[in-house]
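Data block below; observations after.
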Amino acid sequence: MPFYVFMVVLNLIIIWLIVQAAITLPLLPERLQDSAWATTVRSAFIGLLLLVPALVVIRETQRASIRGTAVELSPRQYGDLYEVADDFSRKLGLRRRPNFFLANGNGTLNAFAAQATGHDYVVLANELFVNLYNNNRDGLRFILGHELGHIKLHHVSLWYQLSVAYSERIPILGPTLSRLREYSCDRHGAYLCPGGATGLVILASGRHTEHTTDVEELVRQGQGLRGFWVELAQLPMSHPFTVRRLERLFRLGLLRSRVREAEHGTPV
């Protein structure tokens, strides 16, 4: 939250600078009216004026495209997962029930949350869905909880996107804010499904290996992920290193190891 507040303030400063530059533009000498700087200021000011309608168009057309190309979950369409998603929405106290879609991810292991006017929705890529749905539904529940976290924390809302529209595009700062969002949503996923570590394992090891990967060894790998080059490599990335995400959740006690529970005779 402190970093988000910083980004909002920075965003307001950028908008103020654009407006101030546009106000002073007519006062420039005539020989500077067609300069590269003047053209840049005009373009930036026009972009500022078009920001809200452009975002609205993008959000609405994206939802329309998803509705036309993906399968919407319902009580009769993957009803068991629909009930889980509905239960998670109630547990998080969401003000409206999101829609859930299963889309062709063209081989990618991906999921995302989004919003359009009056609608929140979550899209699961088929490859991620099938792999976890058939073999380990806890991993799928974790990912579903993670995406609902984006909705709960308003990351997909129009006002949030506007509040960091400019500052989020600054190298290093934008990716840093994005990584912090992912950490927050991981906590939502772990809260809703503490046994869903495989939801992250599959992102690290790939398809069909979430059961054969030693989770505790992967957590130890995350504990050793330190140093200058590690941090430098992380700077431009929108998502934290997967093993680091896993290690943090275990360190906070938000995820539990199915391996450890099985060894101690605890029901899995």
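Simple scheme: letters A, B, ... for chains in structure tokens order, numbers from 1 for residues in each chain, numbers from 1 for ligands in the order shown.
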
At most 9 Å is the cut-off: for each residue in segment 146-248 of chain A with any atom that close to an atom of segment 110-114 of chain A, write down the nearest atom pair and the distance in Å rounded to one decimal, counting only C-alpha atoms, chain first then increasing number, as CSV.
residue,atom,partner,partner_atom,distance
A:Glu147,CA,A:Ala113,CA,5.5
A:Leu148,CA,A:Ala113,CA,7.1
A:Gly149,CA,A:Ala113,CA,8.9
A:His150,CA,A:Ala113,CA,6.5
A:Ile151,CA,A:Ala113,CA,6.9
A:His155,CA,A:Ala114,CA,8.5
A:Val156,CA,A:Ala114,CA,5.2
A:Ser157,CA,A:Ala114,CA,7.9
A:Leu203,CA,A:Asn110,CA,8.8

Original post:
Got a sec: who's within 12 Å of segment 204-211 of chain A, counting only C-alpha atoms, leaving out chain neighbours fewer than 2 positions off, as a PyMOL selection string?
Top reply: chain A and resi 107-110+127-140+196-202+213-215+218-219+221-222+240-246+258-259

**OP:** Using only C-alpha atoms, find the one residue out of A:Arg95, A:Arg187, A:His119, A:Arg181 that sits nearest to Ile143 of chain A.
**Re:**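 For Ile143 of chain A, the nearest of the candidates is A:Arg187.
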
**OP:** Run DSSP on the backbone of this structure and report the residues of segment 121-178 of chain A it assigns to alpha helix (DSSP H), as a VMD selection string.
**Re:** chain A and resid 126 to 135 137 to 152 158 to 163 173 to 178

Original post:
Which of these, A:Leu249, A:Tyr4, A:Phe228, A:Val19, has the shortest distance to Ser43 of chain A once you count only C-alpha atoms?
Top reply: A:Val19

Subject >> From A:Ala190, A:Ala103, A:Val123, A:Ala21, residue lying nearest Gly145 of chain A [only C-alpha atoms] >> reply: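 Nearest candidate to Gly145 of chain A out of A:Ala190, A:Ala103, A:Val123, A:Ala21: A:Ala190.
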
Subject >> Best match for closeness to Asn99 of chain A among A:Val57, A:Glu216, A:Gln161, A:Leu144, counting only C-alpha atoms >> reply: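 Smallest separation from Asn99 of chain A among the options: A:Leu144.
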
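Interatomic distance, atom CA of Leu173 of chain A against atom CA of Glu247 of chain A: 23.4 Å.
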